[in-house]
Amino acid sequence: MDSSINENIKQIALKAFESMCFMFEMDPDFDGDVAVDTEFTDTAIIRFDGDVNGGMLISGSPELRHAAAVNMLGSDEITDQHMQDACFELANIIGGNIVPLLNQHDGISFIQSPRKATPVEVTGAAFKGFNEEKVLLSLDEGTCEIRVFYI
Amino acid sequence: MALNVLVVDDSALMRNIIIKVLNLSDIDIAEIFQAAHGQDALEVLNNNWVDLMLLDINMPVMSGLELLDIVRANPETKDLPIIMVSSESQEKRISAIEQKGAGFVHKPFTPELLRDEIQKATGVIHG
Amino acid sequence: MSHIIGVGDIKISTTSSDVLITYALGSCLGITAYDPVLRIGGLLHAMLPLSNADPSKAKARPAMYVDSGFALLMRELFAKGAKKDNLVISVAGGASMKNLTSDDYFKIGQRNFTVLRKLLWKNGLMIHAQDVGGGISRTMAMHLSNGLVTINKKPIEQARDGAQASAGIPLAANR
């Protein structure tokens, strides 16, 4: 783990959640219990290749997935499709902002469209030998985990 | 004059967000067209007059950068105001876009930031 | 005449000679809404983001919280005939006042602003002008005669001394 990359990923993710989803980070010293779920049922992935290769996975708690869609659209009338689209879009936004941090030789990397992660991607088996960064976020409307594999 | 606007993004959710901002931007809108990728957008452009295009970059079938090149090479659309709306953060790719005369709104954005760019592109003056 | 709005308070006015003023906005949020057609408006000075922190207090003093206070501001303006599409909304405050008292949480200002932005988006409203964030104290005033909002006596669009908002939003120009 690279602590400066890890902190940058966290700040990028918090900015995305603040700007697009109107959520803020909980603070254990001020808010008390901010434990993050670790049992996620749904994971979106964005893959990138070129100067740096790898993928970013994002998994949200059910409350977070629901609130992200409601807040992004500004409407309470949302569908399962909206919840999935909200996670895909967050993967796209956070992933797009992270890639320049990871580029190795000042080159260009290409970012693919977000999609549901496959089981081998979720377990990390698809990324054997890659560097890994993991960030857990406790937000006011749910929790999420972001994992970035890169080489 | 009421404007025709084309919103191109592979995410239906993102198109909805952009359309909501358009409707809150104090610009007179005649019609809003939607497309899920560059090829879809070309269809719309071939069959309709469009005054402003908001364009994502990373999309399947045809990317926003490919579409931007095609639009700029066509005498009928070369001056079309275009705002790229993307999470692209690599300097080299952003400067390539700006050299082609398109505005750029970086995701994540706030509704107010996107509104300001839309107003700038359409010549609506705050005042 | 001038009306001073205290912390956790709200004032609506329909008198065009009125000026609504609130002092010492630190992490608190000052929110003005003005209908230029009817020349009516209101100013809210909210202290904390969410009323669910203390529902009984929020019931007694809804203007203390951004969410219940903003709902009250809208209700009162609509009751006086203001139209949503005409409303011009300005925001100030939301600073990180790290060096106040030890029990003052430095992220409250940012949270106040985030909660307001969520409410505005959900209700289809946009911020017209803002002077938010940084670490300074602000005095906000609104003139009912023309809707002019000032921060520390300068028109809000020129009040760029404070740092920009947490989300990096530029100041919106005046309409």
# chains A, B, ... in the order shown; residues from 1 in each chain; ligands from 1
>>> interface_residues(of="chain A", to="chain B", cutoff="9 Å", atoms="only C-alpha atoms", output="ChimeraX atom specification")
/A:15-20,69,72-74,82,85-86,88-90,92-100,107-113
>>> closest_atom_pairs(of="chain C", to="chain A", cutoff="9 Å", atoms="only C-alpha atoms", output="JSON lines")
{"residue": "C:Tyr105", "atom": "CA", "partner": "A:Phe30", "partner_atom": "CA", "distance": 7.4}
{"residue": "C:Gln110", "atom": "CA", "partner": "A:Phe24", "partner_atom": "CA", "distance": 8.5}
{"residue": "C:Arg111", "atom": "CA", "partner": "A:Phe24", "partner_atom": "CA", "distance": 6.6}
{"residue": "C:Thr114", "atom": "CA", "partner": "A:Phe22", "partner_atom": "CA", "distance": 5.6}
{"residue": "C:Val115", "atom": "CA", "partner": "A:Phe22", "partner_atom": "CA", "distance": 6.7}
{"residue": "C:Leu116", "atom": "CA", "partner": "A:Phe22", "partner_atom": "CA", "distance": 8.9}
{"residue": "C:Arg117", "atom": "CA", "partner": "A:Phe22", "partner_atom": "CA", "distance": 6.9}
{"residue": "C:Lys118", "atom": "CA", "partner": "A:Phe22", "partner_atom": "CA", "distance": 5.4}
{"residue": "C:Leu119", "atom": "CA", "partner": "A:Gly74", "partner_atom": "CA", "distance": 8.5}
{"residue": "C:Leu120", "atom": "CA", "partner": "A:Gly74", "partner_atom": "CA", "distance": 8.9}
{"residue": "C:Trp121", "atom": "CA", "partner": "A:Gly74", "partner_atom": "CA", "distance": 5.8}
{"residue": "C:Lys122", "atom": "CA", "partner": "A:Gly74", "partner_atom": "CA", "distance": 4.1}
{"residue": "C:Asn123", "atom": "CA", "partner": "A:Gly74", "partner_atom": "CA", "distance": 7.5}
{"residue": "C:Gly124", "atom": "CA", "partner": "A:Gly74", "partner_atom": "CA", "distance": 8.0}
{"residue": "C:Ser166", "atom": "CA", "partner": "A:Lys15", "partner_atom": "CA", "distance": 8.8}
{"residue": "C:Ala167", "atom": "CA", "partner": "A:Ser19", "partner_atom": "CA", "distance": 6.3}
>>> atom_distance(atom1="CA of Leu67 (chain B)", atom2="CA of Ala41 (chain B)")
8.1 Å
>>> select_by_dssp(residues="chain B", states="strand (DSSP E or B)", output="VMD selection string")
chain B and resid 3 to 8 29 to 35 52 to 55 82 to 86 103 to 106
>>> write_last_selection(atoms="C-alpha atoms", output="PDB file, in the first residue's frame")
ATOM      1  CA  LEU B   3     -32.272  26.271 -28.578  1.00  0.00           C
ATOM      2  CA  ASN B   4     -32.068  22.619 -29.542  1.00  0.00           C
ATOM      3  CA  VAL B   5     -29.674  20.767 -27.262  1.00  0.00           C
ATOM      4  CA  LEU B   6     -28.143  17.309 -27.708  1.00  0.00           C
ATOM      5  CA  VAL B   7     -26.993  15.373 -24.623  1.00  0.00           C
ATOM      6  CA  VAL B   8     -24.653  12.453 -25.331  1.00  0.00           C
ATOM      7  CA  ILE B  29     -34.912  25.425 -24.792  1.00  0.00           C
ATOM      8  CA  ALA B  30     -36.933  24.198 -27.778  1.00  0.00           C
ATOM      9  CA  GLU B  31     -36.003  20.533 -27.692  1.00  0.00           C
ATOM     10  CA  ILE B  32     -33.564  18.245 -25.889  1.00  0.00           C
ATOM     11  CA  PHE B  33     -32.280  15.247 -27.867  1.00  0.00           C
ATOM     12  CA  GLN B  34     -30.498  12.330 -26.218  1.00  0.00           C
ATOM     13  CA  ALA B  35     -27.921   9.866 -27.504  1.00  0.00           C
ATOM     14  CA  LEU B  52     -25.453  23.031 -28.312  1.00  0.00           C
ATOM     15  CA  MET B  53     -24.035  19.574 -27.598  1.00  0.00           C
ATOM     16  CA  LEU B  54     -23.014  18.210 -24.191  1.00  0.00           C
ATOM     17  CA  LEU B  55     -20.720  15.261 -24.810  1.00  0.00           C
ATOM     18  CA  ILE B  82     -19.740  21.724 -27.560  1.00  0.00           C
ATOM     19  CA  ILE B  83     -19.157  21.128 -23.853  1.00  0.00           C
ATOM     20  CA  MET B  84     -17.330  17.916 -23.021  1.00  0.00           C
ATOM     21  CA  VAL B  85     -18.583  16.544 -19.690  1.00  0.00           C
ATOM     22  CA  SER B  86     -16.230  13.856 -18.473  1.00  0.00           C
ATOM     23  CA  GLY B 103     -15.515  23.544 -23.423  1.00  0.00           C
ATOM     24  CA  PHE B 104     -14.739  21.105 -20.649  1.00  0.00           C
ATOM     25  CA  VAL B 105     -16.658  20.334 -17.460  1.00  0.00           C
ATOM     26  CA  HIS B 106     -14.890  17.925 -15.227  1.00  0.00           C
TER      27      HIS B 106
END
>>> residues_around(residues="Asp28 (chain B)", least_positions_apart="3", cutoff="12 Å", atoms="only C-alpha atoms", output="MDAnalysis selection string")
chainID B and resid 1:5 22:25 31:32 51 118:119 122:124
>>> write_last_selection(atoms="N, CA and C atoms", output="compact mmCIF listing (two decimals), in the first residue's frame")
# COMPACT_ATOMS: atom_id res chain seq x y z
N MET B 1 -34.12 33.30 -28.90
CA MET B 1 -34.29 32.14 -29.77
C MET B 1 -34.18 30.86 -28.93
N ALA B 2 -35.16 30.01 -29.09
CA ALA B 2 -35.12 28.75 -28.34
C ALA B 2 -34.09 27.79 -28.95
N LEU B 3 -33.39 27.09 -28.11
CA LEU B 3 -32.27 26.27 -28.58
C LEU B 3 -32.60 24.78 -28.57
N ASN B 4 -32.03 24.08 -29.55
CA ASN B 4 -32.07 22.62 -29.54
C ASN B 4 -30.75 22.12 -28.94
N VAL B 5 -30.87 21.24 -27.96
CA VAL B 5 -29.67 20.77 -27.26
C VAL B 5 -29.59 19.25 -27.39
N LEU B 22 -29.93 21.64 -17.41
CA LEU B 22 -30.34 22.46 -18.57
C LEU B 22 -31.65 23.17 -18.29
N ASN B 23 -32.60 22.43 -17.72
CA ASN B 23 -33.92 23.02 -17.45
C ASN B 23 -33.89 24.06 -16.34
N LEU B 24 -32.82 24.07 -15.54
CA LEU B 24 -32.71 25.06 -14.45
C LEU B 24 -31.73 26.18 -14.81
N SER B 25 -31.30 26.24 -16.08
CA SER B 25 -30.21 27.14 -16.45
C SER B 25 -30.67 28.48 -17.03
N GLU B 31 -35.94 21.99 -27.80
CA GLU B 31 -36.00 20.53 -27.69
C GLU B 31 -34.68 19.99 -27.15
N ILE B 32 -34.78 18.92 -26.37
CA ILE B 32 -33.56 18.25 -25.89
C ILE B 32 -33.53 16.85 -26.51
N ASP B 51 -28.15 23.31 -31.52
CA ASP B 51 -27.44 24.56 -31.18
C ASP B 51 -26.35 24.35 -30.15
N ILE B 118 -22.86 26.11 -19.34
CA ILE B 118 -23.94 26.11 -20.35
C ILE B 118 -24.29 27.55 -20.72
N GLN B 119 -24.38 28.40 -19.71
CA GLN B 119 -24.73 29.80 -19.97
C GLN B 119 -23.63 30.50 -20.77
N THR B 122 -23.83 29.33 -24.40
CA THR B 122 -25.01 29.78 -25.15
C THR B 122 -25.12 31.30 -25.15
N GLY B 123 -24.15 31.96 -24.54
CA GLY B 123 -24.14 33.42 -24.57
C GLY B 123 -25.16 34.07 -23.67
N VAL B 124 -25.73 33.31 -22.74
CA VAL B 124 -26.64 33.92 -21.77
C VAL B 124 -25.79 34.70 -20.79
>>> closest_residue(among="B:Gln39, B:Asp26, B:Asp9, B:Ala73", to="chain C", atoms="only C-alpha atoms")
B:Asp26
>>> closest_residue(among="C:His128, C:His143, C:Arg138, C:Lys107", to="chain B", atoms="only C-alpha atoms")
C:His128
>>> residues_around(residues="Ser13 (chain C)", least_positions_apart="5", cutoff="9 Å", atoms="only C-alpha atoms", output="ChimeraX atom specification")
/C:18-20,39-43,77,144
>>> residues_around(residues="Met56 (chain A)", least_positions_apart="4", cutoff="12 Å", atoms="only C-alpha atoms", output="PDB file with N, CA and C atoms, in the first residue's frame")
ATOM      1  N   ILE A   9      -6.759   8.718  -3.227  1.00  0.00           N
ATOM      2  CA  ILE A   9      -7.969   7.995  -3.671  1.00  0.00           C
ATOM      3  C   ILE A   9      -9.135   8.359  -2.755  1.00  0.00           C
ATOM      4  N   ALA A  13     -12.566  10.241  -3.895  1.00  0.00           N
ATOM      5  CA  ALA A  13     -13.871   9.603  -3.691  1.00  0.00           C
ATOM      6  C   ALA A  13     -14.787  10.498  -2.852  1.00  0.00           C
ATOM      7  N   THR A  43     -20.927  -5.130  -6.752  1.00  0.00           N
ATOM      8  CA  THR A  43     -19.674  -4.423  -6.993  1.00  0.00           C
ATOM      9  C   THR A  43     -19.596  -3.988  -8.454  1.00  0.00           C
ATOM     10  N   ALA A  44     -19.294  -2.712  -8.642  1.00  0.00           N
ATOM     11  CA  ALA A  44     -19.075  -2.195  -9.997  1.00  0.00           C
ATOM     12  C   ALA A  44     -17.573  -2.084 -10.219  1.00  0.00           C
ATOM     13  N   ILE A  45     -17.179  -2.214 -11.475  1.00  0.00           N
ATOM     14  CA  ILE A  45     -15.744  -2.124 -11.794  1.00  0.00           C
ATOM     15  C   ILE A  45     -15.531  -1.216 -12.997  1.00  0.00           C
ATOM     16  N   ILE A  46     -14.392  -0.569 -12.971  1.00  0.00           N
ATOM     17  CA  ILE A  46     -13.941   0.153 -14.156  1.00  0.00           C
ATOM     18  C   ILE A  46     -12.519  -0.327 -14.433  1.00  0.00           C
ATOM     19  N   ARG A  47     -12.261  -0.776 -15.673  1.00  0.00           N
ATOM     20  CA  ARG A  47     -10.922  -1.257 -16.031  1.00  0.00           C
ATOM     21  C   ARG A  47     -10.195  -0.184 -16.831  1.00  0.00           C
ATOM     22  N   PHE A  48      -8.882  -0.158 -16.696  1.00  0.00           N
ATOM     23  CA  PHE A  48      -8.095   0.797 -17.479  1.00  0.00           C
ATOM     24  C   PHE A  48      -6.832   0.102 -17.996  1.00  0.00           C
ATOM     25  N   ASP A  49      -6.376   0.555 -19.151  1.00  0.00           N
ATOM     26  CA  ASP A  49      -5.152  -0.024 -19.703  1.00  0.00           C
ATOM     27  C   ASP A  49      -4.391   1.029 -20.500  1.00  0.00           C
ATOM     28  N   PHE A  88     -22.405   2.745 -11.222  1.00  0.00           N
ATOM     29  CA  PHE A  88     -21.560   2.758 -12.426  1.00  0.00           C
ATOM     30  C   PHE A  88     -20.981   4.166 -12.648  1.00  0.00           C
ATOM     31  N   LEU A  90     -20.540   6.549 -10.455  1.00  0.00           N
ATOM     32  CA  LEU A  90     -19.536   6.857  -9.424  1.00  0.00           C
ATOM     33  C   LEU A  90     -18.221   6.149  -9.736  1.00  0.00           C
ATOM     34  N   ALA A  91     -18.305   4.899 -10.225  1.00  0.00           N
ATOM     35  CA  ALA A  91     -17.094   4.168 -10.614  1.00  0.00           C
ATOM     36  C   ALA A  91     -16.383   4.922 -11.736  1.00  0.00           C
ATOM     37  N   ASN A  92     -17.158   5.381 -12.693  1.00  0.00           N
ATOM     38  CA  ASN A  92     -16.622   6.126 -13.831  1.00  0.00           C
ATOM     39  C   ASN A  92     -15.931   7.416 -13.373  1.00  0.00           C
ATOM     40  N   ILE A  93     -16.611   8.157 -12.491  1.00  0.00           N
ATOM     41  CA  ILE A  93     -16.075   9.451 -12.041  1.00  0.00           C
ATOM     42  C   ILE A  93     -14.823   9.253 -11.185  1.00  0.00           C
ATOM     43  N   ILE A  94     -14.924   8.364 -10.202  1.00  0.00           N
ATOM     44  CA  ILE A  94     -13.781   8.176  -9.292  1.00  0.00           C
ATOM     45  C   ILE A  94     -12.612   7.550 -10.069  1.00  0.00           C
ATOM     46  N   GLY A  95     -12.921   6.544 -10.894  1.00  0.00           N
ATOM     47  CA  GLY A  95     -11.879   5.886 -11.688  1.00  0.00           C
ATOM     48  C   GLY A  95     -11.174   6.863 -12.619  1.00  0.00           C
ATOM     49  N   GLY A  96     -11.941   7.689 -13.300  1.00  0.00           N
ATOM     50  CA  GLY A  96     -11.357   8.657 -14.238  1.00  0.00           C
ATOM     51  C   GLY A  96     -10.414   9.621 -13.554  1.00  0.00           C
ATOM     52  N   ASN A  97     -10.723   9.944 -12.314  1.00  0.00           N
ATOM     53  CA  ASN A  97      -9.880  10.879 -11.565  1.00  0.00           C
ATOM     54  C   ASN A  97      -8.658  10.214 -10.936  1.00  0.00           C
ATOM     55  N   ILE A  98      -8.760   8.899 -10.729  1.00  0.00           N
ATOM     56  CA  ILE A  98      -7.655   8.182 -10.081  1.00  0.00           C
ATOM     57  C   ILE A  98      -6.547   7.835 -11.075  1.00  0.00           C
ATOM     58  N   VAL A  99      -6.930   7.520 -12.306  1.00  0.00           N
ATOM     59  CA  VAL A  99      -5.939   7.021 -13.282  1.00  0.00           C
ATOM     60  C   VAL A  99      -4.700   7.921 -13.421  1.00  0.00           C
ATOM     61  N   LEU A 102      -1.957   7.116 -11.110  1.00  0.00           N
ATOM     62  CA  LEU A 102      -1.318   5.805 -11.235  1.00  0.00           C
ATOM     63  C   LEU A 102      -0.446   5.688 -12.468  1.00  0.00           C
ATOM     64  N   ILE A 111      -9.734   4.358 -20.404  1.00  0.00           N
ATOM     65  CA  ILE A 111     -10.654   3.908 -19.371  1.00  0.00           C
ATOM     66  C   ILE A 111     -11.874   3.288 -20.042  1.00  0.00           C
ATOM     67  N   GLN A 112     -12.200   2.072 -19.623  1.00  0.00           N
ATOM     68  CA  GLN A 112     -13.346   1.388 -20.230  1.00  0.00           C
ATOM     69  C   GLN A 112     -14.633   1.758 -19.499  1.00  0.00           C
ATOM     70  N   SER A 113     -15.765   1.404 -20.109  1.00  0.00           N
ATOM     71  CA  SER A 113     -17.055   1.709 -19.493  1.00  0.00           C
ATOM     72  C   SER A 113     -17.233   0.888 -18.216  1.00  0.00           C
ATOM     73  N   PRO A 114     -17.912   1.448 -17.224  1.00  0.00           N
ATOM     74  CA  PRO A 114     -18.157   0.686 -15.991  1.00  0.00           C
ATOM     75  C   PRO A 114     -19.129  -0.462 -16.240  1.00  0.00           C
ATOM     76  N   ARG A 115     -18.982  -1.490 -15.455  1.00  0.00           N
ATOM     77  CA  ARG A 115     -19.885  -2.649 -15.551  1.00  0.00           C
ATOM     78  C   ARG A 115     -19.864  -3.379 -14.214  1.00  0.00           C
ATOM     79  N   LYS A 116     -20.721  -4.426 -14.094  1.00  0.00           N
ATOM     80  CA  LYS A 116     -20.701  -5.256 -12.883  1.00  0.00           C
ATOM     81  C   LYS A 116     -19.399  -6.054 -12.857  1.00  0.00           C
ATOM     82  N   ALA A 117     -18.790  -6.163 -11.691  1.00  0.00           N
ATOM     83  CA  ALA A 117     -17.546  -6.932 -11.583  1.00  0.00           C
ATOM     84  C   ALA A 117     -17.857  -8.428 -11.635  1.00  0.00           C
ATOM     85  N   GLU A 121     -12.899 -10.924 -10.411  1.00  0.00           N
ATOM     86  CA  GLU A 121     -12.474  -9.542 -10.152  1.00  0.00           C
ATOM     87  C   GLU A 121     -12.776  -9.160  -8.699  1.00  0.00           C
ATOM     88  N   VAL A 122     -13.964  -9.589  -8.222  1.00  0.00           N
ATOM     89  CA  VAL A 122     -14.356  -9.251  -6.849  1.00  0.00           C
ATOM     90  C   VAL A 122     -13.389  -9.855  -5.832  1.00  0.00           C
ATOM     91  N   GLY A 124     -10.363 -10.554  -6.366  1.00  0.00           N
ATOM     92  CA  GLY A 124      -9.014 -10.053  -6.612  1.00  0.00           C
ATOM     93  C   GLY A 124      -8.161 -11.045  -7.373  1.00  0.00           C
ATOM     94  N   PHE A 127      -6.392 -10.133 -10.471  1.00  0.00           N
ATOM     95  CA  PHE A 127      -5.340  -9.097 -10.380  1.00  0.00           C
ATOM     96  C   PHE A 127      -4.123  -9.598  -9.594  1.00  0.00           C
ATOM     97  N   PHE A 130      -0.704  -7.560  -8.890  1.00  0.00           N
ATOM     98  CA  PHE A 130      -0.927  -6.107  -9.025  1.00  0.00           C
ATOM     99  C   PHE A 130      -0.745  -5.430  -7.659  1.00  0.00           C
ATOM    100  N   ASN A 131      -0.419  -4.148  -7.676  1.00  0.00           N
ATOM    101  CA  ASN A 131      -0.474  -3.357  -6.436  1.00  0.00           C
ATOM    102  C   ASN A 131      -1.937  -3.187  -6.045  1.00  0.00           C
ATOM    103  N   GLU A 132      -2.202  -3.098  -4.750  1.00  0.00           N
ATOM    104  CA  GLU A 132      -3.595  -2.934  -4.317  1.00  0.00           C
ATOM    105  C   GLU A 132      -3.717  -1.793  -3.307  1.00  0.00           C
ATOM    106  N   GLU A 133      -4.719  -0.966  -3.505  1.00  0.00           N
ATOM    107  CA  GLU A 133      -5.081   0.062  -2.518  1.00  0.00           C
ATOM    108  C   GLU A 133      -6.524  -0.180  -2.120  1.00  0.00           C
ATOM    109  N   LYS A 134      -6.797  -0.062  -0.821  1.00  0.00           N
ATOM    110  CA  LYS A 134      -8.170  -0.264  -0.355  1.00  0.00           C
ATOM    111  C   LYS A 134      -8.568   0.915   0.522  1.00  0.00           C
ATOM    112  N   VAL A 135      -9.738   1.468   0.252  1.00  0.00           N
ATOM    113  CA  VAL A 135     -10.235   2.624   1.020  1.00  0.00           C
ATOM    114  C   VAL A 135     -11.647   2.306   1.495  1.00  0.00           C
ATOM    115  N   GLU A 145     -16.751   0.585  -0.027  1.00  0.00           N
ATOM    116  CA  GLU A 145     -15.366   0.127  -0.105  1.00  0.00           C
ATOM    117  C   GLU A 145     -14.886   0.337  -1.535  1.00  0.00           C
ATOM    118  N   ILE A 146     -13.693   0.893  -1.643  1.00  0.00           N
ATOM    119  CA  ILE A 146     -13.088   1.081  -2.967  1.00  0.00           C
ATOM    120  C   ILE A 146     -11.766   0.331  -2.986  1.00  0.00           C
ATOM    121  N   ARG A 147     -11.583  -0.502  -4.004  1.00  0.00           N
ATOM    122  CA  ARG A 147     -10.301  -1.193  -4.161  1.00  0.00           C
ATOM    123  C   ARG A 147      -9.734  -0.866  -5.536  1.00  0.00           C
ATOM    124  N   VAL A 148      -8.463  -0.548  -5.557  1.00  0.00           N
ATOM    125  CA  VAL A 148      -7.803  -0.230  -6.826  1.00  0.00           C
ATOM    126  C   VAL A 148      -6.638  -1.201  -7.013  1.00  0.00           C
ATOM    127  N   PHE A 149      -6.644  -1.912  -8.123  1.00  0.00           N
ATOM    128  CA  PHE A 149      -5.529  -2.798  -8.493  1.00  0.00           C
ATOM    129  C   PHE A 149      -4.824  -2.169  -9.682  1.00  0.00           C
ATOM    130  N   TYR A 150      -3.489  -2.094  -9.614  1.00  0.00           N
ATOM    131  CA  TYR A 150      -2.788  -1.467 -10.740  1.00  0.00           C
ATOM    132  C   TYR A 150      -1.378  -2.017 -10.882  1.00  0.00           C
TER     133      TYR A 150
END
>>> residues_around(residues="Ala46 (chain C)", least_positions_apart="6", cutoff="12 Å", atoms="only C-alpha atoms", output="PyMOL selection string")
chain C and resi 5-11+22+24-32+58+61-73+91-94+108-109+111-113+115-116
>>> closest_residue(among="C:Ala33, C:Arg75, C:Lys84, C:Met126", to="chain B", atoms="only C-alpha atoms")
C:Met126
>>> closest_residue(among="C:Ile151, C:His45, C:Gly135, C:Ala129", to="Val88 (chain C)", atoms="only C-alpha atoms")
C:Ala129
>>> closest_residue(among="B:Val44, B:Leu113, B:Ala121, B:Val50", to="chain C", atoms="only C-alpha atoms")
B:Leu113
>>> closest_residue(among="C:Phe106, C:Leu87, C:Ser137, C:Ser96", to="chain B", atoms="only C-alpha atoms")
C:Leu87
